[in-house]
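For reference, the structure is listed below as structure tokens.
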Amino acid sequence: MELTDLYREVILDHNKHPRNFGRLDPHDAEAKGHNPLCGDRLTVTLLRDGDRIADIRFEGNGCAISVASASMMTEAIKGKDRATVDALFQRIHALLTDAGASSADLGKLAALSGVRTFPARVKCASLCWHTLNAALAQADAATPGTISTE
Amino acid sequence: MNALRRSGHAAYDVARLRSEFPILAQQVNGRPLAYLDNGASTQRPRAVIDAVTHYETHLHANVHRGVHTLSQLATDAFEGARERVRRFLNAASTREIIFTSGTTAAINLVAQSWGRSRLGPDDEIIVSALEHHANLVPWQMAAAATGARLRVVPIDEYGQIRLEAFHALLNERTRLVAMTHVSNALGTVVPIQHVIDAAHHVGVPVLIDGAQAVAHLPVNVRELDCDFYCFSGHKLYGPTGIGVLYGREAMLDAMPPWQGGGDMIRTVSFEASTWNDLPYKFEAGTPNMSGAIGLAAAMDFLESVGIEHAAAHEHALLNAATAALMRIPGVHIHGTADDKAAVLSFTLKGVHPHDLGTILDHEGVAIRAGHHCAMPLMDLLGLPATARASFALYSTMAEVEQLDAAVRKAVEVFL
């Protein structure tokens, strides 16, 4: 495999110029992600509007893959409803781990497909998504009526 | 000929040494492997592989138990390895050589046995800011269990421990100094002789974490007069899963066993047991015989090369690599102590060490990228991570050039 499969232009661009970088105050949820292997740390803050993610930002310090992945994630999910976000999470997870996964219709996020052939880097790309999930779970817990025990 | 005589370095035949290490003769990502992650683990020479294979093929049985021939052969080989370690360290007796699974287990043994039985509320253990987690967390655990406290000797901007601060920390509450010999993250050689002498002057025992030192510096525990010295086989061209705790006999004698089980007892009844003599008191269960035998072969190998010759060779590479990387705009070297051993920690502006690691790997260069199991030190330096190239006796100038070219490639990809 070639380095350019991993470090595609769009990834290098998002690393250098991360979108939605910073924190939202006030926010409905905040979650921290940490990859102890390489020291990547990021914090996701988000605001919800009913079922939609009204706004999201991230901040932190990490490798190009983790920063670019977080940046592209915030772009991709801003304004989306929960079902769309969950489906996207599944697609990204498959893209990073399953050689047969399709990257069709993923837009910029398709650039992450090169990560799969660098197994040590998969966690870098998925850190932001796991952090997002933690933030959403926190927002769910803080919002009465959204948790079903049935 | 004159040139050869003038410089011991010229006589150092690295190509011949490399040929002793089968693993080095391979390509990674289509390029010759430049293995510069020796601080994490060194490779094994054929002599070590052969010694382990010979043991597994001809000698293996359980030790210290059987009356049968194989058990005796295995016991002789295992105890022979202990004697080899004793000579390597110049310890007074094989009773002072405890085989463990590695440096981590050796330090934990002391922290749990000596620490828990000797420490009390407000007692203090002095460590340095350079410590690997292995020489920090066991003391935190012992401190939590006993009410003792950790005091940390700070470092200066070059990555050297501040000796005046160390002296100021030594006081009547100090019960132990636990310090690294060589920093795994920065390569700093700590003046442990000074530390040991100062601690002993006020009656405080000293444990040295020698994991990064033993392959690069001659260690003579009687000359150092340290109380404990810990190291791992796999950073010394030996196998993984084997390490050594050297302990001064009087200290070990006074310590309670840590783990109970077979081999460490003399008599056992359902009510109580009595302990075996040293070193067996601290070796519960069947030990790692093949590991110990491999370690002994590694020591033979290292001494046949000459640890001073290896160190001089590594130092030349360290200097060349430092000079080469400093010429690359954006490279910052972390750890510039006057006395360094075999480790070059660096960052490249705008490129995360993890990305650097991937790009270097693509160029065939294996380095470590991360916090080097020294998170408090990284916090102190204000860095999430660094890239670390670390050299061994088989490292070459060509590998230094490959490293240099690979870092320049990273600049090209990212900037």
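By convention here, the chains of the structure tokens are called A, B, ... in the order presented, each chain's residues are numbered starting at 1, and ligands are numbered starting at 1 in the order presented.
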Open item on the list: List as number ranges by chain the protein and nucleic acid residues near range 95-104 of chain A, meaning an atom at most 12 Å away when only C-alpha atoms are counted, but skip any in the same chain fewer than 3 places from it.
Closed with: A: 6, 65, 69, 88-92, 107-127, 129
TODO: Do a neighbour search on Arg41 in chain A at 8 Å with only C-alpha atoms, toss out local chain neighbours closer than 4 positions, and write the hits as a ChimeraX atom specification.
DONE: /A:32-35,60-62
TODO: May I have the residues within 12 Å of range 134-143 of chain A as a ChimeraX atom specification, using only C-alpha atoms and disregarding those fewer than 2 positions away in the same chain?
DONE: /A:27-33,42-53,56-58,81-83,85-86,127-132,145-149
Open item on the list: Show me, as a count of residues only, the residues that have an atom within 7 Å of Val48 in chain B when counting only C-alpha atoms, minus same-chain residues fewer than 5 positions from it.
Closed with: 4
TODO: Extract, using only C-alpha atoms, all DNA, RNA and protein residues at most 9 Å from Glu75 in chain A, discarding same-chain residues fewer than 5 positions from it, and format them as a ChimeraX atom specification.
DONE: /A:19-20,56,70
Keeping only C-alpha atoms, write the selected residues as an mmCIF file, in the first residue's frame.
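What ended up in part_33.cif:
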data_model
loop_
_atom_site.group_PDB
_atom_site.id
_atom_site.type_symbol
_atom_site.label_atom_id
_atom_site.label_comp_id
_atom_site.auth_asym_id
_atom_site.auth_seq_id
_atom_site.Cartn_x
_atom_site.Cartn_y
_atom_site.Cartn_z
ATOM 1 C CA ARG A 19 -13.505 22.325 10.776
ATOM 2 C CA ASN A 20 -15.734 22.944 13.794
ATOM 3 C CA ILE A 56 -21.044 20.144 17.310
ATOM 4 C CA ALA A 70 -13.036 14.248 13.882
#
TODO: For Tyr394 in chain B, please output as a PyMOL selection string all residues within 7 Å (counting only C-alpha atoms; exclusion window: fewer than 3 positions along the same chain).
DONE: chain B and resi 14+17-18
Task: Computed interatomic separation between CA of Met264 in chain B and CA of Gly120 in chain B (Å) - done: 26.7 Å
Task: Within 6 Å of chain B: residues of chain A, using only C-alpha atoms, as a ChimeraX atom specification - done: /A:38-39,63
Open item on the list: Quick one: residues within 7 Å of range 184-191 of chain B, only C-alpha atoms, excluding same-chain residues fewer than 5 positions away - as a PyMOL selection string?
Closed with: chain B and resi 39+159-160+212+334-335+337+339-345+372
Task: Every residue of range 1-128 of chain A that DSSP places in helix (DSSP H, G or I), as a PyMOL selection string - done: chain A and resi 3-6+9-16+64-77+82-97+107-117+119-128
